[in-house]
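So the structure is just underneath, and the comments pick up after that.
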Amino acid sequence: MDNNTASANEDLLGYPAGIAKAARAVLKKEVRHLQLIPAAAIKLLKLTNDENTRVKDLSKVIETEPALAAKVLRIVNSAAFCLPKKITSIKHAVNMLGFSAVRQAALDQLFYNRLIRHKSKQSFNQMFFWQHCLFVASMSKAIAVTLKHPDPDMIYTGGLLHDVGKVVLESYGRVSYSDYLTAYDKSDRSLMESEKTFFGLTHTEIGLVFCATWNLPPAITAMIGFHHEMPPADSPYAQFKTETAIISFANYIAWVQGVGSSEKICSPDLKAEVLKIIDIDKLNLEQLLEHVDREMANTREFYGISFPNIHKLRATLVQATIKLSVIGNKTRHERSNGDNAGVASNGSILTIPHRSLDPEEFLPWTLEAIQSDFGFDRIIMLNIDPKRRGLIAAHWWPESILEDELQPFEIPIGEVTGKLLDCLRNKKPVLIRKDDNLDRKMLHRINVDEFIAMPVLRHNKLVGVLYADNSLSGRGMDEKILGEMLPIVNELGIALMNAKQYTLARKESQIDPLTQLFNKRVINEFLARLFESEPQVLTKIAVGFIDVDRFKHFNDVCGHQAGDDVLKIVADILRSMTRPGDLIGRYGGEEFLFVLRNTDQAGALGYAERIRGEIEQRGKVMSERFHNHELTVSVGLAMYTPEYKSYPAMIEAADKAMYRAKHSGRNRVVVYQESL
């Protein structure tokens with residue numbers, strides 16, 4: 001690829017100019033030399049954008065691929081068509097099957113033959129990946145048909161290829177996608193963040209470079225490059241937001257159904273912008289899933305692939321998950337439609353949430369004030385817990401109501417129906433009574449006849465539900481009270497937003513922005529407090545100093561982005577291997593520091609060796625990306641003794657031990673001794 005071509009491609013990508021350079025650094029070959037998509041498939045993709053394409057054009061492409069021609073003839077002569085005479089002409093077969101069916105079958109076959117090289121021992125299981133691509137393609141096309149998109153076949157192709165960047169990295173990366181999946185277990189970063197750290201770019205960015213180099217249609221390029229983040233308004237791909245949103249939505253459903261591209265990574269987020277573009281109320285998810293089931297069954301039969309049984313995960317699971325994501329996409333004005341009459345009598349409550357920036361303080365105060373002014377028997381703040389998939393009691397008043405009889409108080413998402421579902425979807429307060437058939441099961445489960453549910457929002461996103469009932473006294477509840485409570489609940493949402501912003505601001509002053517570990521100031525404050533402890537606590541303290549070996553070489557030879565990624569990798573490993581009661585942080589430059597409590601020299605030395613060994617192992621996996629430069633660290637360890645009158649003296653001792661490790665050959669742990 002000459003420099004002019006590279007520059008043109010970078011402009012087309014609509015991404016920072018360094019993406020094409022990063023792709024060249026991470027791959028064994030230039031993208032233009034990658035033999036991933038057969039010429040016949042490229043021709044088919046280009047025929048998609050040609051309004052003058054005829055059946056004979058498609059037939060000619062198919063005839064050039066013997067295996068593909070055999071498949072088309074096999075399909076048309078199957079029992080499904082019950083033809084009296086066997087068809088042997090490709091053109092006749094195409095006429096019988098129709099352009100769409102043949103094109104879809106052709107792309108499936110071509111991509112499967114070229115892309116999928118099954119290696120069962122690899123972390124990146126390509127058969128598992130292939131079933132994910134087929135599921136997303138089939139679901140995307142079904143959604144496109146439902147939404148009356150003018151070109152569902154093109155969207156099918158986008159779904160089929162949406163994760164092609166992962167195959168590029170697996171097949172041609174200096175470090176493979178399998179290597180990444182193995183390392184990902186040690187990171188708590190998101191998929192895209194951890195890919196960026198590991199490879200220097202994400203699978204969507206490598207997909208963009210691939211599509212631009214091979215001149216794939218812009219719509220398909222957009223779907224491949226932006227299905228995790230919608231293209232920005234100034235991007236040349238912004239005009240394909242609808243197509244990209246469909247792929248993103250189908251990809252999300254696939255993961256929720258257990259049909260992800262990898263067994264090791266959790267499902268991606270469903271972006272609010274996707275749900276602004278796609279009207280999910282127009283989609284019958286149960287019918288769509290049944291359609292995809294049939295499509296997958298046909299594919300399974302043809303390829304002999306054993307797909308997981310997804311009948312156990314029905315539309316209710318997907319629907320419930322989507323509802324939690326869709327809540328919060330409307331404006332603040334839309335949720336302020338309650339009756340505000342009677343608010344004045346409760347004006348004093350409006351100031352309660354703002355008396356503190358700590359939710360653990362102002363939430364109980366607010367609940368107590370509401371319970372007192374409105375006379376409810378019970379009032380509970382229910383938080384949304386994605387892991388437990390339900391609405392879970394977080395705070396309540398009176399304090400005694402859940403301690404004995406009802407704790408834990410929760411409403412599983414699977415039981416959210418009727419008016420409560422309406423509350424979550426439309427962000428409006430509701431009074432739920434047993435005369436509503438859809439809500440009876442839920443009321444019976446929590447043993448009440450009626451209750452009030454008020455959505456609590458932060459930044460127009462649902463963060464919880466305020467629940468109130470009179471289950472103890474049996475007094476009836478009036479819907480007028482919803483309007484009176486609405487301003488109070490709105491203020492509660494604002495208070496939660498303020499608390500979140502305060503927490504983030506405080507965290508930013510404590511966290512190193514690159515590694516997301518504590519910064520030097522926090523480390524010093526932590527040690528200063530620790531040195532005020534009793535002697536029996538101090539005698540069990542260890543301080544370790546970690547320095548990345550030959551770090552300057554990473555910046556000079558591999559570039560500063562690679563240097564930043566090295567620091568992130570070390571931080572991820574430290575974070576994954578450190579106990580909650582201990583402390584790790586970035587002390588400056590390429591230096592890290594850890595503080596261990598309740599340990600002895602053997603325990604501290606064992607921890608330091610595990611850290612050193614894990615970093616060395618990760619470095620071996622990623623050596624090709626870093627031009628065969630080894631990633632190792634030298635560690636100095638100091639155990640507390642009464643001679644250390646202050647924490648700086650102990651840090652200095654660990655620092656001296658670290659330099660001894662450097663001078664002794666690097667990639668080792670040295671414990672400080674006076675002789676040093």
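How things are named: the first chain in the structure tokens is A, the next is B, and so on; residues count from 1 in each chain; ligands count from 1 in the order shown.
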Legend entry - Distance query stretch 653-656 of chain A at most 7 Å, only C-alpha atoms, self and fewer than 2 positions along chain excluded, as a ChimeraX atom specification: /A:543-545,636-638,649-651,658-660,672
Legend entry - Near-A:Ala25 list (12 Å; only C-alpha atoms; drop same-chain fewer than 4 positions) as JSON, numbers by chain: {"A": [18, 19, 20, 21, 29, 30, 31, 169, 172, 173, 174, 175, 199, 200, 201, 206, 557, 558, 559, 561, 562, 624, 625, 626, 627]}
Write the residues you've just listed into a file as a PDB file, in the first residue's frame, and include C-alpha atoms for each of them.
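Output contents, as saved in part_1.pdb:
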ATOM      1  CA  GLY A  18      -3.122   6.521  13.458  1.00  0.00           C
ATOM      2  CA  ILE A  19      -5.589   3.638  12.981  1.00  0.00           C
ATOM      3  CA  ALA A  20      -4.137   2.453   9.662  1.00  0.00           C
ATOM      4  CA  LYS A  21      -0.645   2.728  11.150  1.00  0.00           C
ATOM      5  CA  LYS A  29       0.954  -8.676   6.504  1.00  0.00           C
ATOM      6  CA  GLU A  30      -0.389  -5.568   4.824  1.00  0.00           C
ATOM      7  CA  VAL A  31      -4.192  -5.610   4.827  1.00  0.00           C
ATOM      8  CA  LEU A 169      -6.536 -10.608  14.224  1.00  0.00           C
ATOM      9  CA  TYR A 172      -2.889 -12.581  10.773  1.00  0.00           C
ATOM     10  CA  GLY A 173      -2.171 -10.765  14.040  1.00  0.00           C
ATOM     11  CA  ARG A 174       1.326 -10.730  15.480  1.00  0.00           C
ATOM     12  CA  VAL A 175      -0.553 -11.730  18.597  1.00  0.00           C
ATOM     13  CA  PHE A 199      -3.659  -4.811  20.262  1.00  0.00           C
ATOM     14  CA  GLY A 200      -3.396  -1.029  20.053  1.00  0.00           C
ATOM     15  CA  LEU A 201      -6.779  -0.929  18.288  1.00  0.00           C
ATOM     16  CA  ILE A 206      -9.231  -3.310  12.226  1.00  0.00           C
ATOM     17  CA  VAL A 557      10.852   1.589  19.238  1.00  0.00           C
ATOM     18  CA  CYS A 558       7.140   0.747  19.463  1.00  0.00           C
ATOM     19  CA  GLY A 559       5.722   4.232  20.004  1.00  0.00           C
ATOM     20  CA  GLN A 561       0.822   4.370  22.499  1.00  0.00           C
ATOM     21  CA  ALA A 562       2.534   1.020  23.017  1.00  0.00           C
ATOM     22  CA  GLU A 624       5.521  -9.882  18.494  1.00  0.00           C
ATOM     23  CA  ARG A 625       3.375  -6.806  18.972  1.00  0.00           C
ATOM     24  CA  PHE A 626       6.253  -5.166  20.829  1.00  0.00           C
ATOM     25  CA  HIS A 627       8.840  -6.148  18.210  1.00  0.00           C
TER      26      HIS A 627
END
Legend entry - strand (DSSP E or B) residues, from DSSP on the backbone, in stretch 487-639 of chain A, as a ChimeraX atom specification: /A:511,518,542-548,583-588,591-596,633-639
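The space between atom CA of A:Asn95 and atom CA of A:Leu73 spans 11.7 Å.
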Inset, instruction - Give the answer as one residue: which of A:Arg586, A:Lys568, A:His629, A:Arg668 has the shortest atom-to-atom distance to A:Gly613, using only C-alpha atoms? - result: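 Using only C-alpha atoms, A:Gly613 sits closest to A:Arg668.
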Inset, instruction - Quick one: pull the distance between atom CA of A:Glu295 and atom CA of A:His132, Å, one decimal. - result: 12.7 Å
Legend entry - Test item, helix (DSSP H, G or I) assignment across stretch 338-485 of chain A, answer as JSON, numbers by chain: {"A": [344, 345, 346, 347, 348, 349, 350, 351, 352, 353, 354, 359, 360, 361, 362, 363, 364, 365, 366, 367, 368, 369, 370, 371, 372, 373, 374, 399, 400, 401, 402, 403, 404, 405, 406, 413, 414, 415, 418, 419, 420, 421, 422, 423, 424, 425, 426, 437, 438, 439, 440, 441, 442, 443, 444, 445, 446, 480, 481, 482, 483, 484, 485]}
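Here atom CA of A:Asp234 stands at a distance of 13.3 Å from atom CA of A:Ala222.
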Legend entry - Residue nearest A:Ser623 among A:Glu652, A:Ser176, A:Val463, A:Ser123 (counting only C-alpha atoms):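 Once distances to A:Ser623 are computed over only C-alpha atoms, the minimum belongs to A:Ser176.
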Inset, instruction - Could you check which of A:Ala23, A:Ala657, A:Leu216, A:Ala233 is closest to A:His203, using only C-alpha atoms? - result: A:Ala23
